[in-house]
$ cat protein18.cif   # mmCIF, C-alpha atoms and all ligand atoms
data_entry
#
loop_
_atom_site.label_atom_id
_atom_site.label_comp_id
_atom_site.auth_asym_id
_atom_site.auth_seq_id
_atom_site.Cartn_x
_atom_site.Cartn_y
_atom_site.Cartn_z
CA GLU P 192 103.04 118.94 87.60
CA VAL P 193 102.78 117.45 91.08
CA CYS P 194 100.89 118.91 94.00
CA ALA P 195 102.26 117.23 97.13
CA VAL P 196 99.46 116.81 99.66
CA VAL P 197 100.86 117.39 103.15
CA LYS P 198 97.64 117.75 105.16
CA ALA P 199 97.30 116.00 108.52
CA ASP P 200 100.94 116.72 109.38
CA GLY P 201 102.14 115.22 106.13
CA TYR P 202 100.02 112.08 106.64
CA GLY P 203 101.71 111.72 110.02
CA HIS P 204 105.24 112.04 108.64
CA GLY P 205 105.76 115.71 109.56
CA ALA P 206 104.34 118.35 107.22
CA VAL P 207 107.43 120.54 106.94
CA THR P 208 109.71 117.54 106.40
CA ALA P 209 107.38 116.16 103.74
CA ALA P 210 106.84 119.53 102.05
CA THR P 211 110.54 120.31 101.95
CA ALA P 212 111.38 116.89 100.51
CA ALA P 213 108.58 117.09 97.94
CA LEU P 214 109.64 120.54 96.74
CA ALA P 215 113.26 119.39 96.52
CA GLY P 216 112.00 116.46 94.45
CA GLY P 217 110.25 118.76 91.99
CA ALA P 218 106.72 119.22 93.31
CA ARG P 219 105.19 122.45 91.95
CA TRP P 220 102.40 122.84 94.54
CA LEU P 221 101.64 121.81 98.10
CA ALA P 222 98.15 121.15 99.47
CA VAL P 223 96.67 121.27 102.95
CA ALA P 224 93.19 120.84 104.41
CA LEU P 225 93.24 123.63 107.01
CA VAL P 226 94.31 127.27 107.07
CA GLU P 227 96.32 126.45 110.20
CA GLU P 228 98.24 123.80 108.26
CA GLY P 229 99.08 126.39 105.60
CA GLN P 230 100.18 128.87 108.25
CA ALA P 231 102.54 126.26 109.72
CA LEU P 232 104.22 125.81 106.31
CA ARG P 233 104.64 129.58 105.98
CA ALA P 234 106.02 129.83 109.53
CA ALA P 235 108.65 127.29 108.50
CA GLY P 236 109.69 129.56 105.63
CA ILE P 237 108.08 127.59 102.80
CA ASP P 238 106.98 130.00 100.08
CA ALA P 239 105.71 127.58 97.41
CA ASP P 240 102.13 127.76 96.14
CA VAL P 241 99.82 126.13 98.69
CA LEU P 242 96.37 124.89 97.76
CA LEU P 243 93.73 124.85 100.49
CA LEU P 244 91.62 121.80 99.62
CA SER P 245 88.36 122.90 101.28
CA GLU P 246 86.64 126.21 101.98
CA PRO P 247 87.31 127.30 105.56
CA SER P 248 84.85 129.38 107.55
CA VAL P 249 84.55 132.95 106.21
CA ASP P 250 86.07 134.08 109.52
CA ALA P 251 89.35 132.55 108.35
CA ILE P 252 89.57 134.53 105.09
CA ASP P 253 91.94 137.16 106.48
CA ALA P 254 94.28 134.47 107.79
CA LEU P 255 94.06 132.66 104.43
CA LEU P 256 95.02 135.84 102.57
CA ASP P 257 97.80 136.73 105.02
CA ALA P 258 99.30 133.26 104.45
CA HIS P 259 98.90 133.51 100.66
CA LEU P 260 97.00 130.25 100.39
CA THR P 261 95.09 129.42 97.20
CA PRO P 262 91.62 128.24 98.19
CA MET P 263 89.47 125.68 96.43
CA VAL P 264 86.05 127.35 96.32
CA TYR P 265 82.56 126.01 95.69
CA THR P 266 79.91 128.16 97.37
CA ARG P 267 78.48 131.50 96.36
CA ASP P 268 78.73 132.84 99.90
CA PHE P 269 82.39 132.00 100.30
CA VAL P 270 83.31 133.46 96.92
CA ALA P 271 81.38 136.65 97.77
CA ALA P 272 83.14 136.96 101.14
CA LEU P 273 86.51 136.30 99.53
CA ALA P 274 85.80 138.92 96.87
CA GLY P 275 84.83 141.44 99.56
CA ALA P 276 88.06 140.84 101.45
CA ALA P 277 90.08 141.10 98.23
CA ARG P 278 88.42 144.42 97.31
CA SER P 279 89.06 145.86 100.75
CA ARG P 280 92.74 144.97 100.40
CA GLY P 281 92.86 146.28 96.83
CA ILE P 282 94.08 142.94 95.51
CA THR P 283 92.84 140.17 93.28
CA VAL P 284 92.86 136.63 94.66
CA GLY P 285 93.37 133.47 92.64
CA ALA P 286 91.11 130.54 93.52
CA HIS P 287 90.48 127.06 92.15
CA LEU P 288 86.83 126.30 91.47
CA LYS P 289 85.92 122.81 92.65
CA VAL P 290 83.03 121.04 90.95
CA ASP P 291 81.29 117.92 92.20
CA THR P 292 81.27 115.38 89.38
CA GLY P 293 80.21 112.48 91.58
CA MET P 294 82.22 112.47 94.81
CA GLY P 295 79.16 113.88 96.57
CA ARG P 296 81.16 115.63 99.28
CA VAL P 297 82.11 119.25 98.50
CA GLY P 298 82.18 120.99 95.15
CA VAL P 299 79.67 122.92 93.08
CA PRO P 300 76.79 120.51 92.38
CA ALA P 301 75.62 120.08 88.80
CA ALA P 302 72.45 122.08 89.55
CA GLU P 303 74.63 125.19 90.10
CA TRP P 304 76.98 124.71 87.14
CA GLU P 305 75.07 127.30 85.04
CA GLU P 306 75.25 130.07 87.59
CA CYS P 307 78.57 129.46 89.35
CA LEU P 308 80.74 131.15 86.76
CA ASP P 309 78.79 134.37 87.46
CA TRP P 310 80.00 134.33 91.08
CA PHE P 311 83.32 135.68 89.75
CA ALA P 312 81.81 138.52 87.70
CA ASP P 313 83.53 141.37 89.59
CA GLU P 314 86.97 139.82 88.90
CA SER P 315 88.40 140.39 92.37
CA VAL P 316 88.51 136.58 92.62
CA THR P 317 89.98 134.95 89.52
CA ILE P 318 89.49 131.34 88.51
CA ASP P 319 93.09 130.17 88.28
CA GLY P 320 92.10 126.53 88.46
CA ILE P 321 89.20 124.14 87.98
CA ALA P 322 89.23 120.89 89.91
CA THR P 323 87.22 117.86 90.87
CA HIS P 324 87.79 114.82 93.06
CA LEU P 325 87.27 111.15 92.23
CA ALA P 326 85.34 108.80 94.50
CA ARG P 327 86.59 105.43 93.27
CA ALA P 328 89.91 105.95 91.46
CA ASP P 329 91.47 103.34 93.76
CA GLU P 330 89.18 100.59 92.39
CA LEU P 331 90.58 99.62 89.04
CA ASP P 332 87.32 98.52 87.46
CA ALA P 333 84.93 101.10 88.96
CA PRO P 334 82.96 102.63 86.08
CA THR P 335 82.44 105.91 87.95
CA THR P 336 85.92 107.23 87.20
CA ALA P 337 85.15 107.45 83.48
CA GLU P 338 81.72 108.91 84.29
CA GLN P 339 83.23 111.59 86.51
CA HIS P 340 85.82 112.30 83.82
CA ALA P 341 83.07 112.85 81.23
CA ARG P 342 81.12 115.19 83.54
CA PHE P 343 84.29 117.12 84.33
CA GLU P 344 84.97 117.50 80.61
CA SER P 345 81.48 118.88 80.10
CA PHE P 346 82.05 121.45 82.85
CA LEU P 347 85.42 122.42 81.33
CA ASP P 348 83.67 122.91 77.96
CA ARG P 349 81.05 125.13 79.59
CA ALA P 350 83.76 127.21 81.28
CA ALA P 351 85.63 127.51 77.98
CA ASP P 352 82.43 128.83 76.38
CA PHE P 353 82.59 131.61 78.98
CA GLY P 354 86.22 132.24 77.99
CA ILE P 355 87.55 130.57 81.14
CA ARG P 356 90.55 128.33 80.47
CA PRO P 357 92.50 128.29 83.72
CA ARG P 358 96.18 127.43 83.97
CA TRP P 359 95.50 124.61 86.47
CA VAL P 360 93.01 121.86 85.73
CA HIS P 361 93.21 118.93 88.13
CA ALA P 362 91.32 115.83 89.18
CA ALA P 363 93.76 113.08 90.13
CA ASN P 364 94.66 111.80 93.58
CA THR P 365 97.40 109.17 94.02
CA ALA P 366 95.35 106.29 92.60
CA ALA P 367 94.42 108.30 89.51
CA ALA P 368 97.97 109.63 89.15
CA LEU P 369 99.20 106.01 89.07
CA CYS P 370 96.38 104.33 87.17
CA HIS P 371 94.21 106.79 85.23
CA PRO P 372 96.37 108.90 82.89
CA ALA P 373 93.25 110.30 81.17
CA VAL P 374 92.58 112.49 84.21
CA HIS P 375 96.09 113.81 84.81
CA TYR P 376 95.40 117.26 83.25
CA ASP P 377 97.86 119.96 84.47
CA LEU P 378 98.39 118.82 88.03
CA VAL P 379 98.05 115.64 90.07
CA ARG P 380 97.28 116.00 93.79
CA VAL P 381 99.36 113.21 95.29
CA GLY P 382 99.09 112.43 98.99
CA ILE P 383 99.54 108.81 100.06
CA GLY P 384 101.81 108.10 97.06
CA ILE P 385 104.50 110.61 98.03
CA TYR P 386 104.85 108.69 101.28
CA GLY P 387 105.36 105.49 99.29
CA LEU P 388 102.12 103.88 100.47
CA SER P 389 99.31 102.14 98.60
CA PRO P 390 95.94 103.88 98.28
CA SER P 391 94.10 100.53 98.23
CA ALA P 392 94.55 96.82 97.74
CA ASP P 393 93.94 97.38 94.00
CA VAL P 394 96.73 99.91 93.66
CA ASP P 395 100.01 98.59 95.04
CA ALA P 396 102.60 101.30 95.66
CA ALA P 397 105.54 98.88 95.45
CA ALA P 398 104.41 97.63 92.04
CA HIS P 399 104.64 101.26 90.88
CA GLY P 400 108.20 101.55 92.20
CA LEU P 401 107.29 103.54 95.32
CA ARG P 402 109.09 102.94 98.60
CA PRO P 403 107.75 103.80 102.07
CA ALA P 404 109.23 106.99 103.49
CA LEU P 405 108.61 106.07 107.11
CA ARG P 406 109.85 103.51 109.61
CA VAL P 407 108.65 103.07 113.18
CA VAL P 408 111.42 101.80 115.44
CA SER P 409 111.31 101.13 119.16
CA HIS P 410 113.42 98.94 121.42
CA ILE P 411 113.12 96.27 124.08
CA THR P 412 112.74 97.65 127.60
CA TYR P 413 112.22 94.36 129.41
CA ALA P 414 112.57 90.68 128.55
CA LYS P 415 111.92 87.50 130.44
CA ARG P 416 111.74 83.75 129.93
CA VAL P 417 108.28 82.30 130.47
CA THR P 418 107.03 78.74 130.58
CA ALA P 419 104.59 77.23 128.10
CA GLY P 420 101.02 78.26 128.85
CA THR P 421 101.89 81.52 130.66
CA PRO P 422 99.19 84.06 129.79
CA ALA P 423 100.09 87.69 129.16
CA SER P 424 98.58 91.18 128.82
CA TYR P 425 95.01 92.43 129.36
CA GLY P 426 92.29 89.84 129.02
CA HIS P 427 94.85 87.04 128.71
CA ARG P 428 94.11 86.86 124.99
CA TRP P 429 97.40 85.03 124.45
CA SER P 430 99.48 82.44 126.27
CA ALA P 431 103.00 81.28 125.54
CA PRO P 432 102.92 78.36 123.06
CA ALA P 433 106.17 76.96 124.53
CA ASP P 434 108.90 77.88 126.96
CA GLY P 435 110.64 80.95 125.61
CA TRP P 436 111.40 84.67 125.64
CA LEU P 437 108.77 87.38 125.88
CA ALA P 438 109.89 90.96 125.20
CA THR P 439 108.20 94.21 126.22
CA VAL P 440 108.33 97.18 123.82
CA PRO P 441 107.36 100.69 125.01
CA ILE P 442 104.91 101.59 122.27
CA GLY P 443 101.16 101.17 122.17
CA TYR P 444 97.86 102.48 120.92
CA ALA P 445 98.52 105.93 122.39
CA ASP P 446 101.41 106.13 119.90
CA GLY P 447 99.28 104.91 117.01
CA VAL P 448 99.79 101.13 117.07
CA PRO P 449 96.18 100.03 116.59
CA ARG P 450 94.81 97.90 119.41
CA ALA P 451 93.28 95.83 116.60
CA LEU P 452 96.78 94.48 115.85
CA THR P 453 96.50 92.31 118.97
CA ASN P 454 97.75 88.85 117.91
CA ARG P 455 97.61 89.97 114.25
CA ALA P 456 100.93 91.58 113.37
CA THR P 457 104.67 91.07 113.45
CA ALA P 458 107.75 93.10 114.29
CA MET P 459 111.38 92.67 113.24
CA LEU P 460 114.02 91.85 115.88
CA GLY P 461 117.57 91.34 114.70
CA GLY P 462 116.32 90.79 111.17
CA VAL P 463 113.84 88.09 112.23
CA ARG P 464 110.06 88.43 112.01
CA ARG P 465 108.42 87.94 115.43
CA PRO P 466 104.73 88.02 116.36
CA ILE P 467 103.20 90.87 118.38
CA VAL P 468 101.26 88.95 121.03
CA GLY P 469 98.64 89.69 123.64
CA THR P 470 96.48 92.77 123.82
CA VAL P 471 98.23 95.91 122.58
CA CYS P 472 98.23 98.29 125.57
CA MET P 473 98.25 102.07 125.70
CA ASP P 474 101.99 102.38 126.19
CA GLN P 475 103.40 98.89 125.67
CA LEU P 476 103.13 95.75 123.62
CA LEU P 477 104.67 92.29 123.79
CA VAL P 478 106.69 90.37 121.23
CA TRP P 479 107.14 86.60 121.34
CA CYS P 480 110.75 85.67 120.64
CA GLY P 481 110.59 81.90 121.21
CA ASP P 482 113.99 80.36 121.84
CA ALA P 483 115.93 83.44 120.81
CA ALA P 484 117.30 85.17 123.89
CA VAL P 485 116.78 88.91 123.58
CA THR P 486 118.41 91.77 125.40
CA VAL P 487 117.11 95.03 126.75
CA GLY P 488 117.90 97.90 124.39
CA GLU P 489 117.70 95.81 121.23
CA PRO P 490 115.91 97.69 118.43
CA VAL P 491 112.44 96.55 117.40
CA VAL P 492 111.21 97.58 113.96
CA LEU P 493 107.42 97.96 114.06
CA LEU P 494 107.15 99.31 110.51
CA GLY P 495 109.94 98.88 107.97
CA ASP P 496 112.33 96.05 107.04
CA GLY P 497 109.49 94.27 105.28
CA VAL P 498 106.72 95.04 107.78
CA ARG P 499 104.41 97.26 105.77
CA VAL P 500 101.81 99.87 106.64
CA GLU P 501 99.62 97.89 104.22
CA ASP P 502 99.94 94.85 106.54
CA TRP P 503 98.77 96.88 109.54
CA ALA P 504 95.89 98.28 107.49
CA VAL P 505 94.69 94.78 106.60
CA ALA P 506 95.11 93.52 110.18
CA ALA P 507 93.23 96.52 111.60
CA ASP P 508 90.57 96.46 108.87
CA THR P 509 91.37 99.98 107.70
CA ILE P 510 93.42 101.83 105.07
CA THR P 511 97.05 102.97 105.01
CA TYR P 512 95.89 106.60 105.37
CA GLU P 513 94.35 105.95 108.76
CA ILE P 514 97.39 104.06 110.04
CA VAL P 515 99.91 106.82 109.35
CA THR P 516 97.69 109.75 110.29
CA GLN P 517 97.07 108.07 113.67
CA LEU P 518 100.78 107.95 114.56
CA THR P 519 100.60 110.39 117.45
CA ALA P 520 102.70 113.36 118.53
CA ARG P 521 104.20 111.22 121.30
CA LEU P 522 106.35 109.42 118.74
CA PRO P 523 109.41 111.53 118.03
CA ARG P 524 109.95 112.05 114.29
CA VAL P 525 113.56 111.74 113.25
CA GLU P 526 114.36 113.01 109.79
CA VAL P 527 116.76 110.84 107.80
CA THR P 528 118.04 111.12 104.26
CA SER P 529 118.68 108.16 102.03
C1 LIG Y 601 93.54 114.24 100.49
C2 LIG Y 601 93.21 114.68 99.11
C3 LIG Y 601 94.02 114.30 98.03
C4 LIG Y 601 95.14 113.31 98.14
O1 LIG Y 601 94.62 112.00 98.07
P1 LIG Y 601 95.60 110.73 98.05
O2 LIG Y 601 94.70 109.60 97.82
O3 LIG Y 601 96.26 110.70 99.38
O4 LIG Y 601 96.58 110.96 96.96
C5 LIG Y 601 93.74 114.84 96.79
N1 LIG Y 601 92.71 115.70 96.63
C6 LIG Y 601 91.89 116.05 97.65
C7 LIG Y 601 90.76 116.97 97.38
C8 LIG Y 601 92.10 115.54 98.91
O5 LIG Y 601 91.28 115.88 99.91
#

$ encode --input "protein18.cif" --output "structure tokens" --more "lines below"
Ligand SMILES: *Cc1c(COP(=O)(O)O)cnc(C)c1O
Amino acid sequence: EVCAVVKADGYGHGAVTAATAALAGGARWLAVALVEEGQALRAAGIDADVLLLSEPSVDAIDALLDAHLTPMVYTRDFVAALAGAARSRGITVGAHLKVDTGMGRVGVPAAEWEECLDWFADESVTIDGIATHLARADELDAPTTAEQHARFESFLDRAADFGIRPRWVHAANTAAALCHPAVHYDLVRVGIGIYGLSPSADVDAAAHGLRPALRVVSHITYAKRVTAGTPASYGHRWSAPADGWLATVPIGYADGVPRALTNRATAMLGGVRRPIVGTVCMDQLLVWCGDAAVTVGEPVVLLGDGVRVEDWAVAADTITYEIVTQLTARLPRVEVTS
């Protein structure tokens, strides 16, 4: 089954839009990072199972229970607090136990693997799932994925010895869902992949038949002809290579176009690839159109039509995840169906 990861406002795409589309496409679970993100899905009327990927503060347990979120748990204190809240409500709560097999971030460390199954002794919190997270699934020849898999198997064996065989065993993120079938288990937690984007240079979404879900489209607000050598934008980091047309587009780093794209990216105008030139500003950027006369109002495709989030990630020395999660609230999201 698929767990569609819609944290960080659906990786910048809109969490409710992404969740609704994923469920319509057959996803069995949703996942979020924060209780507030789960509450927003509930407020939108989404009643699917929602996994909370990290333990929140114990102060948020009531909100978590009110929103019927399924927490990933990995500390004795949190499990005890959750059990106390469950008992006081006269309910049992299902949780997924997260073990650290080598990610080194959150999860029960190996030193606590003996004792952690005892945390659930009073049965007001049930272990409905066991999960882990992979550190290097997006590197095709990293040996640690197989090592983490083996450690996870040993934990699953230990749990089985205690009679614990939960319905949901899961380990895979997008890269593992695409490239490491041995760790698919019952559920794959797919984030970047449901948006059609590559987790890394090693794992190319397009080669796996995925298409980007998002386009970023703006338009020309101002255009002028300049003479060869005319400098433009902050710091004069670019000058016109010839006489020609320079267009202004009302989008900038405050919308999520990285300033690092300065002189390093292209946009599509009328189906033609044109360079983004001069320093990217807070609210505007410039596009060099050469001899092609351009008109105010003409659409400018910043992402889409062959300009890929992966290209921005390379140009800005980051990953696709950071590009899309940095698209800010100032950009209106328009839902389209295709
Ligand atoms: C964000 C996250 C995912 C999704 O990762 P992708 O690489 O986007 O598929 C899966 N599991 C956990 C625990 C996460 O935090």

$ residues_near_ligand --input "protein18.cif" --ligand "ligand LIG 601 (chain Y)" --cutoff "6 Å" --atoms "only C-alpha atoms and all ligand atoms" --output "MDAnalysis selection string"
chainID P and resid 196 244 324 364:365 380:384 390

$ residues_near_point --input "protein18.cif" --point "(103.6, 78.3, 130.4)" --cutoff "8 Å" --atoms "all atoms listed in the file" --output "PDB file with C-alpha atoms, in the frame of the given file"
ATOM      1  CA  VAL P 417     108.280  82.300 130.470  1.00  0.00           C
ATOM      2  CA  THR P 418     107.030  78.740 130.580  1.00  0.00           C
ATOM      3  CA  ALA P 419     104.590  77.230 128.100  1.00  0.00           C
ATOM      4  CA  GLY P 420     101.020  78.260 128.850  1.00  0.00           C
ATOM      5  CA  THR P 421     101.890  81.520 130.660  1.00  0.00           C
ATOM      6  CA  PRO P 422      99.190  84.060 129.790  1.00  0.00           C
ATOM      7  CA  SER P 430      99.480  82.440 126.270  1.00  0.00           C
ATOM      8  CA  ALA P 431     103.000  81.280 125.540  1.00  0.00           C
ATOM      9  CA  PRO P 432     102.920  78.360 123.060  1.00  0.00           C
ATOM     10  CA  ALA P 433     106.170  76.960 124.530  1.00  0.00           C
ATOM     11  CA  ASP P 434     108.900  77.880 126.960  1.00  0.00           C
TER      12      ASP P 434
END

$ residues_around --input "protein18.cif" --residues "Ser248 (chain P)" --least-positions-apart "4" --cutoff "12 Å" --atoms "only C-alpha atoms" --output "count of residues only"
14

$ closest_residue --input "protein18.cif" --among "P:Thr323, P:Ser279, P:Thr453, P:Thr261" --to "Trp220 (chain P)" --atoms "only C-alpha atoms"
P:Thr261

$ closest_residue --input "protein18.cif" --among "P:Asn454, P:Ile442, P:Val297, P:Thr335" --to "Ala506 (chain P)" --atoms "only C-alpha atoms"
P:Asn454

$ closest_residue --input "protein18.cif" --among "P:Ala366, P:Ala398, P:Val440, P:Val249" --to "Trp479 (chain P)" --atoms "all atoms listed in the file"
P:Val440

$ residues_around --input "protein18.cif" --residues "Gly285 (chain P)" --least-positions-apart "4" --cutoff "12 Å" --atoms "all atoms listed in the file" --output "list in words"
Asp240, Val241, Leu242, Leu243, Leu255, Leu256, His259, Leu260, Thr261, Pro262, Met263, Val264, Val270, Leu273, Ala274, Ala277, Phe311, Glu314, Ser315, Val316, Thr317, Ile318, Asp319, Gly320, Ile321, Pro357, Arg358 and Trp359 of chain P

$ atom_distance --input "protein18.cif" --atom1 "CA of Ser345 (chain P)" --atom2 "CA of Ala368 (chain P)"
21.0 Å

$ atom_distance --input "protein18.cif" --atom1 "CA of Ser424 (chain P)" --atom2 "CA of Cys472 (chain P)"
7.8 Å

$ residues_around --input "protein18.cif" --residues "Ala396 (chain P)" --least-positions-apart "2" --cutoff "12 Å" --atoms "all atoms listed in the file" --output "short mmCIF file (atom, residue, chain, number, x, y, z; two decimals) with C-alpha atoms, in the coordinates of the input"
data_model
loop_
_atom_site.label_atom_id
_atom_site.label_comp_id
_atom_site.auth_asym_id
_atom_site.auth_seq_id
_atom_site.Cartn_x
_atom_site.Cartn_y
_atom_site.Cartn_z
CA ASP P 329 91.47 103.34 93.76
CA THR P 365 97.40 109.17 94.02
CA ALA P 366 95.35 106.29 92.60
CA ALA P 368 97.97 109.63 89.15
CA LEU P 369 99.20 106.01 89.07
CA CYS P 370 96.38 104.33 87.17
CA ILE P 383 99.54 108.81 100.06
CA GLY P 384 101.81 108.10 97.06
CA ILE P 385 104.50 110.61 98.03
CA TYR P 386 104.85 108.69 101.28
CA GLY P 387 105.36 105.49 99.29
CA LEU P 388 102.12 103.88 100.47
CA SER P 389 99.31 102.14 98.60
CA PRO P 390 95.94 103.88 98.28
CA SER P 391 94.10 100.53 98.23
CA ALA P 392 94.55 96.82 97.74
CA ASP P 393 93.94 97.38 94.00
CA VAL P 394 96.73 99.91 93.66
CA ALA P 398 104.41 97.63 92.04
CA HIS P 399 104.64 101.26 90.88
CA GLY P 400 108.20 101.55 92.20
CA LEU P 401 107.29 103.54 95.32
CA ARG P 402 109.09 102.94 98.60
CA PRO P 403 107.75 103.80 102.07
CA ALA P 404 109.23 106.99 103.49
CA ARG P 499 104.41 97.26 105.77
CA VAL P 500 101.81 99.87 106.64
CA GLU P 501 99.62 97.89 104.22
CA THR P 511 97.05 102.97 105.01
#

$ residues_near_point --input "protein18.cif" --point "(92.3, 116.3, 106.7)" --cutoff "12 Å" --atoms "only C-alpha atoms" --output "PyMOL selection string"
chain P and resi 196-203+222-228+243-245+382+512-513+516-517

$ atom_distance --input "protein18.cif" --atom1 "CA of Trp304 (chain P)" --atom2 "CA of Val374 (chain P)"
20.0 Å
